[in-house]
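Everything on this sheet refers to the single structure shown next.
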Amino acid sequence: MDQSVAIQETLDGGENCLIAVQCLLLLDNGTESRLLGLVEHVKEHALFMFTHRRMAITGNDVTLQEMIPISYEFSVVEVSSPDEFAVVGADTRVKVTFRNEEMELKLPFGSHTRLFLSEVNRAWCDVCEQYPDSPKFDWLNKYQKNVKVPRSSAGKITKRDRSHTADSRGHQEDKQTNSSTEKTRGDCVHENNQGRVKSEGRNELVRSSRHTVSNKAQILTMPQFGLRDNLIKCELLKNEDAYTYIENFNFFLGTYNVNGQTPKESLRPWLSSTPQPPDLYCLGFQELDLSKEAFFFNDTPKEQEWMKAVSEGLHPDAKYALVKLVRLVGIMLLFYVKKQHAEHISEVEAETVGTGIMGRMGNKGAVAVRFRFHNSDICVVNSHLAAHVEEYERRNQDYKDICSRMLFRQQDPTLPPLTIMKHSIVLWLGDLNYRISDLEVDHVKGLILKKDFETLHGHDQLKRQMDEEAVFVGFLEGEIDFQPTYKYDTGSDQWDTSEKCRVPAWCDRILWRGKNITQLYYKSHMTLRTSDHKPVSSLMTIGIKVVNEESYKKTLEEIVRSLDKLENECIPSVSLSQREFFFKDVKFMQHRAETLTVHNDGQVPCHFEFIQKLDEPAYCKPWLTANPPKGFLAQGDSVDIDLEVFVNRSTALELNSGQQQLEDILVLHLERGKDYFVSITGSYLPSCFGSSIYTLCQLREPIQEMPLEIIHKLSLMSPSEPSSPDIEKALDIPKELWMMVDHLYRNASKQEDLFQQPGLRSEFEEIRDCLDTGMLDSLPGSNHSVAEALLLFLDALSEPVVPFSQYQQCLECCSSSGQCKKIISMLPPCHKNVFNYVTAFLRELLKNSAHNRLDVNILATIFASLLLRSPTKQDLLEKRKIKEFLQHFLVQESH
């Protein structure tokens with residue numbers, strides 16, 4: 001049973017009918033919730049407010065707290081303050097007025113709230129139609145005795161005099177100012193004594209509460225609906241064509257790498273280049289801010305500057321509302337819609353993925369927004385991939401990382417997150433950074449002068465990689481009939497005249513994936529000269545699925561009738577493709593996966609979920625995941641579950657030390673059915689990554705050549721304990737650290753962007769294997785891959801170079817050079833040696849700063865969080881303090 005059934009139980013059946021139920025949050029206590037029910041009795045209506053247990057199942061779980069008759073003296077109006085900008089995705093605030101009392105309620109944004117408000121408004125319209133007769137509400141008397149809280153207090157609901165102005169919380173993400181007020185029904189609105197507040201300004205968003213059936217299916221994703229309603233949802237999706245039709249909307253997609261500049265010119269030539277105003281804008285920016293503050297602390301004033309420029313540049317013949325802004329360092333995505341479409345936008349989620357150095361830094365990566373427009377689910381991605389002509393494989397890897405790591409939560413928390421490719425429409429834009437290969441710069445410029453873009457496009461790296469199905473499989477790109485958008489001298493239309501003389505390239509691209517999409521144009525905008533890139537735009541007509549109300553109702557009724565015939569006594573049953581999985585020779589940061597196929601061979605649909613075992617915090621060990629971990633299977637359907645093993649720095653220590661093994665039992669539970677057990681075992685190859693400095697200093701041979709019992713014994717020892725008699729004299733520093741630093745010292749002292757340009761994952765795996773097995777005398781891979789391996793090595797140490805026990809002391813004395821050096825002098829010998837060795841290497845790099853473009857600020861910021869790791873999450877102040885601590889050791893000493 002769901003909460004609506006629990007409320008219906010309290011109404012004693014008969015002529016009293018629960019029409020709709022809605023969860024709400026009280027204004028003055030966002031953690032306390034109520035249930036609001038609309039109850040009908042012979043054409044009379046009232047709102048019943050209940051307190052409830054967390055999972056209301058029966059009538060005993062809900063308590064009647066308040067009754068509000070819907071009469072001539074009743075009104076419900078959406079409110080927002082005059083200095084607030086209403087944003088799609090924000091909670092809906094309504095003011096309920098009855099006689100001389102008011103209360104303000106906060107309802108979740110979404111179609112279920114719209115449905116509820118439309119039913120309330122319809123009930124009020126029924127009162128209007130009975131004029132001059134007035135409803136009596138005699139039937140409410142029998143419920144008065146059940147009201148547990150006096151009307152004067154009614155829990156913690158705020159009651160105000162009519163003349164009181166409502167406060168409303170602003171939306172913190174979008175930080176715009178404007179107002180919006182809308183009555184609850186378009187054709188039967190009424191006004192309270194204050195009258196209607198008018199909304200003005202080009203960014204206003206008027207949210208209508210008229211329910212659109214396009215999102216009725218969304219109600220079925222709410223957690224209180226059980227197996228039956230999940231099956232209804234599944235059947236509705238299968239029969240979607242029976243109740244939807246395609247309506248075309250114009251999407252304007254734009255991408256602009258602004259090279260860290262502030263807006264110096266109007267964006268109208270780019271954003272208002274269409275004769276008719278588009279329905280939606282999706283605008284991606286890259287390199288919004290190139291400062292180190294933005295890079296390391298993700299903070300920039302340029303977000304507001306560019307958002308203002310965009311707002312002023314949107315098409316003047318329509319009013320738009322900002323739905324979502326999402327930014328990762330310099331990668332920003334803005335999503336606007338015409339205000340009349342705002343009510344059809346729902347399920348808005350935004351996520352970010354950094355693919356910079358160590359796979360985490362946000363100087364490269366992607367931001368994305370997913371949403372539902374009418375009945376179509378759409379994902380928009382703005383990415384900035386790795387730079388440099390020769391790094392196309394790194395760009396391919398960035399794309400794959402973004403696809404695998406970009407996960408959007410669903411409104412139903414019981415459902416697994418959505419990936420990018422789970423959406424029916426994907427729009428991908430950004431500075432993809434693919435270049436022109438195999439042609440000299442003069443040849444490229446000659447082809448451009450001839451406008452021979454077809455020949456030039458044949459040498460485009462993105463085209464070649466897509467043709468080989470290495471990236472963007474299933475995506476399309478329109479014909480390119482404009483000249484390359486990179487690289488120009490800033491402020492001009494002249495190709496790069498710097499010493500590097502970059503080969504022109506189509507770095508800035510727009511691609512799409514899905515059905516019913518037609519590109520109307522694809523072009524660059526040469527008149528904008530703020531950056532060394534030119535902005536690019538694409539206007540697309542996209543067929544969106546819109547619901548026909550009558551067809552929807554008919555389809556839903558047919559599904560419900562067929563479900564009524566199912567027998568509830570049937571026990572769900574599944575079969576598994578196999579019950580035991582073995583992962584052989586798992587390595588550090590190596591992704592391994594096997595597939596478990598679950599087939600519903602029973603007579604009824606079923607819910608499945610991997611559940612926790614007794615006294616364990618999760619359904620599986622931290623090195624294991626099952627994707628998806630839960631789901632729904634219709635009769636006869638199957639699902640492939642990826643069992644993924646991945647050992648990272650948080651799990652490597654216990655596996656290296658032998659405290660943990662690759663062993664786990666997964667319990668697959670069927671709702672109303674039995675449990676199935678899946679055995680996961682494997683073998684882990686010890687690695688220098690995830691080991692301790694002390695252990696590695698004791699090992700003169702590669703770690704995988706040492707007996708496991710010795711590795712396990714050393715891993716459990718501390719630097720203060722005497723060395724094992726089985727081990728030769730300890731090394732001053734780990735040989736693996738020496739190999740990486742020595743390689744970089746000899747080969748990369750003058751390497752540009754060292755420690756800032758990521759390496760290739762495949763090369764890291766070769767470097768890891770070389771260090772763990774000693775098979776090669778020199779390290780393979782590029783300088784950037786070795787540099788990233790060094791950072792990963794330091795990051796994965798079981799105890800950081802400056803031990804956790806000294807961390808707080810380092811924060812306290814960070815401003816005193818003498819005190820900082822005294823702390824280092826008192827570290828255990830192997831830790832002190834490593835710290836001095838690494839900082840000496842960094843000082844050598846600074847001697848070549850004219851070539852490698854490194855400075856004390858950059859190196860201190862990158863290495864401080866690795867050498868001085870916090871035992872807990874670092875806040876911004878701590879990051880600045882440990883950076884100051886390390887800077888004392890990077891300044892060249894005077895002689």
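Labeling convention for the structure tokens: chains A, B, ... as they appear, residues from 1 per chain, ligands from 1 in order of appearance.
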> Tell me, which residues of stretch 282-520 of chain A carry DSSP strand (DSSP E or B), written as a PyMOL selection string?
Replying inline: chain A and resi 282-286+320-328+331-338+345-354+365-373+376-384+408+418+425-431+436+460+476+486+488+495+505+508-513+517-520
>> When you look at stretch 384-392 of chain A with a cut-off of 7 Å (counting only C-alpha atoms), what residues show up, excluding the ones that are within fewer than 4 positions of it in the same chain? I need them as a PyMOL selection string.
In response: chain A and resi 286+364-366+396+398+430-435
> What lies within 7 Å of A:Ala46 using only C-alpha atoms, ignoring chain neighbours under 5 positions off, as a list in words?
Replying inline: Leu38, Val39, Glu40, Met67, Ile68, Pro69 and Ile70 of chain A
>> To one decimal place in Å, what is the distance between atom CA of A:Phe764 and atom CA of A:Lys587?
In response: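 Pair atom CA of A:Phe764 / atom CA of A:Lys587 returns 12.0 Å.
The shortest atom-to-atom distance to A:Ile542, with only C-alpha atoms taken into account, belongs to A:Leu280 out of A:Leu64, A:Cys688, A:Leu280, A:Val369.
If you measure from each of A:Thr681, A:Gly543, A:Leu563, A:Arg513 to A:Arg579 using only C-alpha atoms, the closest one turns out to be A:Thr681.
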>> Need the shell around A:Phe50: protein/DNA/RNA residues with any atom at most 6 Å away, counting only C-alpha atoms. Skip same-chain ones fewer than 6 positions apart. Format as a list of chain:residue names?
In response: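 The neighbour list is A:Arg34, A:Leu35, A:Thr63, A:Leu64, A:Gln65.
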> Leaving out A:Pro758 and any residue of its chain fewer than 4 positions from it, which residues lie within 7 Å of it when counting only C-alpha atoms, given as a count of residues only?
Replying inline: 6
>> Can you pull out the residues contacting stretch 129-143 of chain A? Cut-off 8 Å, using only C-alpha atoms, and skip same-chain residues under 4 positions away; I want them as a list in words.
In response: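 The neighbour list is His41, Glu44, Pro69, Ser71, Tyr72, Cys125 and Val147 of chain A.
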>> My list of candidates is A:Leu670, A:Leu696, A:Ile378, A:Val560. Which is closest to A:Val348 when distances are computed with only C-alpha atoms?
In response: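 For A:Val348, the nearest of the given residues is A:Ile378.
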> Got a sec to tell me which of stretch 235-450 of chain A DSSP assigns to helix (DSSP H, G or I), as a PyMOL selection string?
Replying inline: chain A and resi 235-238+240-242+268-271+292-297+302-313+339-344+357-359+392-405+420-422+441-449
Show me, as a tab-separated table, the residues of stretch 238-338 of chain A having an atom within 12 Å of stretch 528-539 of chain A, each with the closest atom pair and its distance in Å, using only C-alpha atoms.
residue	atom	partner	partner_atom	distance
A:Phe249	CA	A:Leu539	CA	10.3
A:Asn250	CA	A:Leu539	CA	6.7
A:Phe251	CA	A:Leu539	CA	5.8
A:Phe252	CA	A:Leu539	CA	4.7
A:Leu253	CA	A:Ser538	CA	5.2
A:Gly254	CA	A:Ser537	CA	4.3
A:Thr255	CA	A:Val536	CA	5.4
A:Tyr256	CA	A:Pro535	CA	4.4
A:Asn257	CA	A:His533	CA	5.9
A:Val258	CA	A:Ser531	CA	5.0
A:Asn259	CA	A:Ser531	CA	5.6
A:Gly260	CA	A:Ser531	CA	8.1
A:Gln261	CA	A:Ser531	CA	6.8
A:Thr262	CA	A:Thr530	CA	8.0
A:Pro263	CA	A:Thr530	CA	7.0
A:Lys264	CA	A:Thr530	CA	6.3
A:Glu265	CA	A:Thr530	CA	7.3
A:Ser266	CA	A:Leu528	CA	8.4
A:Leu267	CA	A:Leu528	CA	7.7
A:Arg268	CA	A:Leu528	CA	9.8
A:Pro269	CA	A:Leu528	CA	7.7
A:Trp270	CA	A:Pro535	CA	7.3
A:Leu271	CA	A:Ser537	CA	8.1
A:Ser272	CA	A:Ser537	CA	10.5
A:Ser273	CA	A:Ser537	CA	9.1
A:Thr274	CA	A:Leu539	CA	8.1
A:Pro275	CA	A:Leu539	CA	11.1
A:Gln276	CA	A:Leu539	CA	10.9
A:Pro277	CA	A:Leu539	CA	10.6
A:Pro278	CA	A:Leu539	CA	8.1
A:Asp279	CA	A:Leu539	CA	10.4
A:Leu280	CA	A:Leu539	CA	10.0
A:Tyr281	CA	A:Leu539	CA	9.5
A:Cys282	CA	A:Ser537	CA	9.9
A:Leu283	CA	A:Ser537	CA	8.9
A:Gly284	CA	A:Pro535	CA	9.8
A:Phe285	CA	A:Pro535	CA	9.3
A:Gln286	CA	A:His533	CA	10.2
A:Glu287	CA	A:Ser531	CA	10.0
A:Leu288	CA	A:Ser531	CA	10.6
>> Using Å and a single decimal, report how far atom CA of A:Arg372 sits from atom CA of A:Ile345.
In response: 5.7 Å
>> I need the residue nearest A:Glu812 from this list: A:Lys873, A:Lys881, A:Lys735, A:His851. Use only C-alpha atoms for the distance.
In response: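 Looking only at the distances to A:Glu812, the closest residue turns out to be A:Lys881.
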>> Using only C-alpha atoms for the distances, tell me which of A:Leu731, A:Leu859, A:Pro417, A:Leu771 is nearest to A:Asn833.
In response: A:Leu731
